[in-house]
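Everything on this sheet refers to the single structure shown next.
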Amino acid sequence: MLGRGVVDPSQPLLRADDEAVLRGRAAFETMRVYAGVPFRVGPHLRRLAESARVLELPPPDIAALEALVAQALVSLDRPDAVLRVVWTPGAAGDGSIGFVLVTPLPGEFDEMRARGIELACLQLAIGASTRSEAPWLLPGVKSTSYAVNMAAQAEARRRGADDALFLSLEGIALECPTSNIWFVEDGVMHTPALELGILAGVTRETLVVAAADAGLRLAEGEYPRERVARAAEVFTSSSVREVMPVVRLDGEPVGDGTPGPAAVQMQAALRQAVSET
């Protein structure tokens, strides 16, 4: 643990031989800060600990990381921000390193939510059940080995889309590089099941609870791309972007091509959950 208090972002923190640098072997969590308060920091840190376990990193000291989060928030010069917690194995013999990074919240999300986004479907060369059956593929783990996710987003942009949607080898919808996917069909909200090896998103969990509280019908399962494409409405969810309507999929309109009511309702439910924390 660094234990250095608040430092300037330009100051070096990691050794060059930390495996986080050499191999991308580290765990991280990202959460949104609302009015100076990070949303659901406890679940995020518990998921960080689980990711560290799967990556065979030393177990993080959750209390110490919570203290680091508090120190970082004291220095916050804006009410809303993005907060990242990173846990690395450290360099040989030096012990693990934990640090918290606070960055500005991107300003384009409200505009994107109003117009909706387009997704490009990108196929992973693995079967729908492969990730959950192969722990070495790190199903549901938030590792800093994010090169594939970032490459997918870059490819989506080259195709004229805003983000990507990963498909299994059979064409089953899985998740987006940094968010979960949802769709509405015959009044029922659907989202891929965690058994597919997707990330158990903290925002996803929040929306599952919110849907139940609102009396909405919700199903989790295995859905082919064609079923998502035919849906009346599609949206994504993530800690930073919140609920984001999807209005086009691979260049074709979703529903009537405008943000739908379920996305609006779930965004309101998410903000309500924020206000209650």
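Scheme for the structure tokens: letters A, B, ... for chains in order shown; per-chain residue numbers from 1; ligand numbers from 1 in order shown.
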
Do a neighbour search on segment 138-146 of chain A at 7 Å with only C-alpha atoms, toss out local chain neighbours closer than 2 positions, and write the hits as a PDB file with C-alpha atoms, in the first residue's frame.
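Output contents, as saved in selection-v2.pdb:
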ATOM      1  CA  GLY A  24      -1.444  -6.090 -17.156  1.00  0.00           C
ATOM      2  CA  ARG A  25      -1.887  -8.273 -14.076  1.00  0.00           C
ATOM      3  CA  ALA A  26      -3.851  -6.070 -11.714  1.00  0.00           C
ATOM      4  CA  ALA A  27      -7.442  -5.531 -10.610  1.00  0.00           C
ATOM      5  CA  PHE A  28      -9.407  -2.305 -10.754  1.00  0.00           C
ATOM      6  CA  GLU A  29     -12.809  -0.794 -10.146  1.00  0.00           C
ATOM      7  CA  SER A  51     -10.979 -10.083  -9.039  1.00  0.00           C
ATOM      8  CA  ARG A 131     -15.845 -18.240 -20.503  1.00  0.00           C
ATOM      9  CA  SER A 132     -17.848 -19.473 -17.533  1.00  0.00           C
ATOM     10  CA  PRO A 135     -11.513 -19.779 -15.382  1.00  0.00           C
ATOM     11  CA  TRP A 136      -8.257 -18.948 -17.179  1.00  0.00           C
ATOM     12  CA  VAL A 148      -9.065  -6.215 -26.232  1.00  0.00           C
ATOM     13  CA  ASN A 149     -11.863  -4.048 -24.849  1.00  0.00           C
ATOM     14  CA  MET A 150     -10.197  -0.844 -26.036  1.00  0.00           C
ATOM     15  CA  GLY A 197     -19.240 -15.184 -17.917  1.00  0.00           C
ATOM     16  CA  ILE A 198     -20.150 -11.518 -18.264  1.00  0.00           C
ATOM     17  CA  LEU A 199     -19.261  -8.907 -15.679  1.00  0.00           C
ATOM     18  CA  ALA A 200     -21.598  -8.700 -12.709  1.00  0.00           C
TER      19      ALA A 200
END

- Write out as an MDAnalysis selection string the residues lying within 7 Å of Ile117 of chain A, counting only C-alpha atoms and excluding same-chain residues fewer than 5 positions away. chainID A and resid 112 162 245:248

- Message: I'd like the contact shell of Ala212 of chain A - 12 Å cut-off, only C-alpha atoms, skipping same-chain residues fewer than 6 positions apart - returned as a ChimeraX atom specification.
- Response: /A:188-189,205-206,218-219,266,269

Any chance you can output those residues with N, CA and C atoms as a PDB file, in the first residue's frame?
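File written: result_4.pdb
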ATOM      1  N   VAL A 188     -41.181  -6.929 -21.531  1.00  0.00           N
ATOM      2  CA  VAL A 188     -40.278  -7.576 -20.572  1.00  0.00           C
ATOM      3  C   VAL A 188     -38.849  -7.085 -20.816  1.00  0.00           C
ATOM      4  N   MET A 189     -38.153  -6.700 -19.753  1.00  0.00           N
ATOM      5  CA  MET A 189     -36.752  -6.330 -19.852  1.00  0.00           C
ATOM      6  C   MET A 189     -35.901  -7.595 -19.787  1.00  0.00           C
ATOM      7  N   GLU A 205     -26.725  -4.690 -11.223  1.00  0.00           N
ATOM      8  CA  GLU A 205     -27.402  -5.169 -10.018  1.00  0.00           C
ATOM      9  C   GLU A 205     -28.400  -4.141  -9.498  1.00  0.00           C
ATOM     10  N   THR A 206     -28.006  -2.878  -9.535  1.00  0.00           N
ATOM     11  CA  THR A 206     -28.896  -1.804  -9.079  1.00  0.00           C
ATOM     12  C   THR A 206     -30.172  -1.769  -9.903  1.00  0.00           C
ATOM     13  N   LEU A 218     -38.688  -8.945 -15.548  1.00  0.00           N
ATOM     14  CA  LEU A 218     -37.281  -9.004 -15.933  1.00  0.00           C
ATOM     15  C   LEU A 218     -36.877 -10.449 -16.145  1.00  0.00           C
ATOM     16  N   ALA A 219     -36.126 -10.706 -17.200  1.00  0.00           N
ATOM     17  CA  ALA A 219     -35.620 -12.049 -17.490  1.00  0.00           C
ATOM     18  C   ALA A 219     -34.136 -11.972 -17.793  1.00  0.00           C
ATOM     19  N   MET A 266     -35.302   3.541 -16.236  1.00  0.00           N
ATOM     20  CA  MET A 266     -34.172   2.958 -15.513  1.00  0.00           C
ATOM     21  C   MET A 266     -33.132   4.011 -15.143  1.00  0.00           C
ATOM     22  N   ALA A 269     -34.552   5.598 -12.146  1.00  0.00           N
ATOM     23  CA  ALA A 269     -34.426   4.686 -11.007  1.00  0.00           C
ATOM     24  C   ALA A 269     -32.997   4.657 -10.474  1.00  0.00           C
TER      25      ALA A 269
END

- Message: Please identify the alpha helix (DSSP H) residues within segment 30-73 of chain A (assignment by DSSP from backbone atoms) and present them as a count of residues only.
- Response: 26

- Just the residues within 9 Å of segment 98-104 of chain A, please, counting only C-alpha atoms, with nothing from its chain fewer than 2 positions along; format it as a PyMOL selection string. chain A and resi 1-3+9+13+60-61+64-65+68-69+72-73+76+78+80-90+96+106-107

File of the preceding selection, C-alpha atoms, as a PDB file, in the first residue's frame:
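So the final result, stored in again24.pdb, reads:
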ATOM      1  CA  MET A   1       0.000   0.000   0.000  1.00  0.00           C
ATOM      2  CA  LEU A   2       1.368   3.379  -0.917  1.00  0.00           C
ATOM      3  CA  GLY A   3       0.387   5.289   2.211  1.00  0.00           C
ATOM      4  CA  PRO A   9      -0.896  12.759 -10.821  1.00  0.00           C
ATOM      5  CA  LEU A  13       3.843   5.747  -8.283  1.00  0.00           C
ATOM      6  CA  PRO A  60      -6.481  -6.253  -0.811  1.00  0.00           C
ATOM      7  CA  ASP A  61      -6.986  -4.546   2.523  1.00  0.00           C
ATOM      8  CA  ALA A  64      -7.186   0.609   3.842  1.00  0.00           C
ATOM      9  CA  LEU A  65      -8.603   1.105   0.352  1.00  0.00           C
ATOM     10  CA  LEU A  68      -7.571   5.907   0.392  1.00  0.00           C
ATOM     11  CA  VAL A  69     -10.917   6.657  -1.242  1.00  0.00           C
ATOM     12  CA  ALA A  72      -8.914  11.187  -2.498  1.00  0.00           C
ATOM     13  CA  LEU A  73     -12.395  12.628  -2.043  1.00  0.00           C
ATOM     14  CA  LEU A  76     -11.863  16.607  -4.875  1.00  0.00           C
ATOM     15  CA  ARG A  78     -15.539  19.132  -8.335  1.00  0.00           C
ATOM     16  CA  ASP A  80     -19.004  14.905  -9.792  1.00  0.00           C
ATOM     17  CA  ALA A  81     -16.084  12.824 -11.017  1.00  0.00           C
ATOM     18  CA  VAL A  82     -14.818   9.370 -11.946  1.00  0.00           C
ATOM     19  CA  LEU A  83     -13.019   7.405  -9.235  1.00  0.00           C
ATOM     20  CA  ARG A  84     -10.798   4.387  -9.954  1.00  0.00           C
ATOM     21  CA  VAL A  85      -9.321   1.998  -7.420  1.00  0.00           C
ATOM     22  CA  VAL A  86      -6.387  -0.112  -8.619  1.00  0.00           C
ATOM     23  CA  TRP A  87      -4.705  -3.059  -6.884  1.00  0.00           C
ATOM     24  CA  THR A  88      -1.411  -4.331  -8.300  1.00  0.00           C
ATOM     25  CA  PRO A  89       0.900  -7.186  -7.254  1.00  0.00           C
ATOM     26  CA  GLY A  90       3.795  -4.738  -6.950  1.00  0.00           C
ATOM     27  CA  SER A  96       1.155  -5.004  -3.340  1.00  0.00           C
ATOM     28  CA  PRO A 106     -16.676  13.405 -19.328  1.00  0.00           C
ATOM     29  CA  GLY A 107     -19.200  16.030 -20.324  1.00  0.00           C
TER      30      GLY A 107
END

- State, in Å with one decimal place, the distance from atom CA of Glu133 of chain A to atom CA of Gln153 of chain A.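 Value for the atom CA of Glu133 of chain A-atom CA of Gln153 of chain A distance: 25.8 Å.
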
- Task: Find the residue from A:Ala164, A:Leu45, A:Leu55, A:Val37 that sits nearest to Glu118 of chain A; use only C-alpha atoms when measuring.
- Result: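 With only C-alpha atoms as the atom set, the closest residue is A:Ala164.
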
- Separation of atom CA of Asp110 of chain A from atom CA of Leu249 of chain A, in Å and rounded to one decimal: 20.1 Å

- Nearest-residue call for Glu242 of chain A, choices A:Arg113, A:His44, A:Arg225, A:Arg15, using only C-alpha atoms: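 The closest residue to Glu242 of chain A is A:Arg113.
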
- Give the strand (DSSP E or B) residues of segment 26-266 of chain A, as assigned by DSSP on the backbone, as a PyMOL selection string. chain A and resi 27-34+37-38+81-88+97-104+117-123+143+163-167+172-173+176+179-185+188-192+218-221+224+233-238+242-249+252-253

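Relative to atom CA of Leu137 of chain A, atom CA of Glu50 of chain A is found at 14.9 Å.
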
- Query: Between A:Ala70, A:Leu207, A:Ile62, A:Ala161, which is the closest to Gln272 of chain A once you count only C-alpha atoms?
  - Reply: A:Leu207
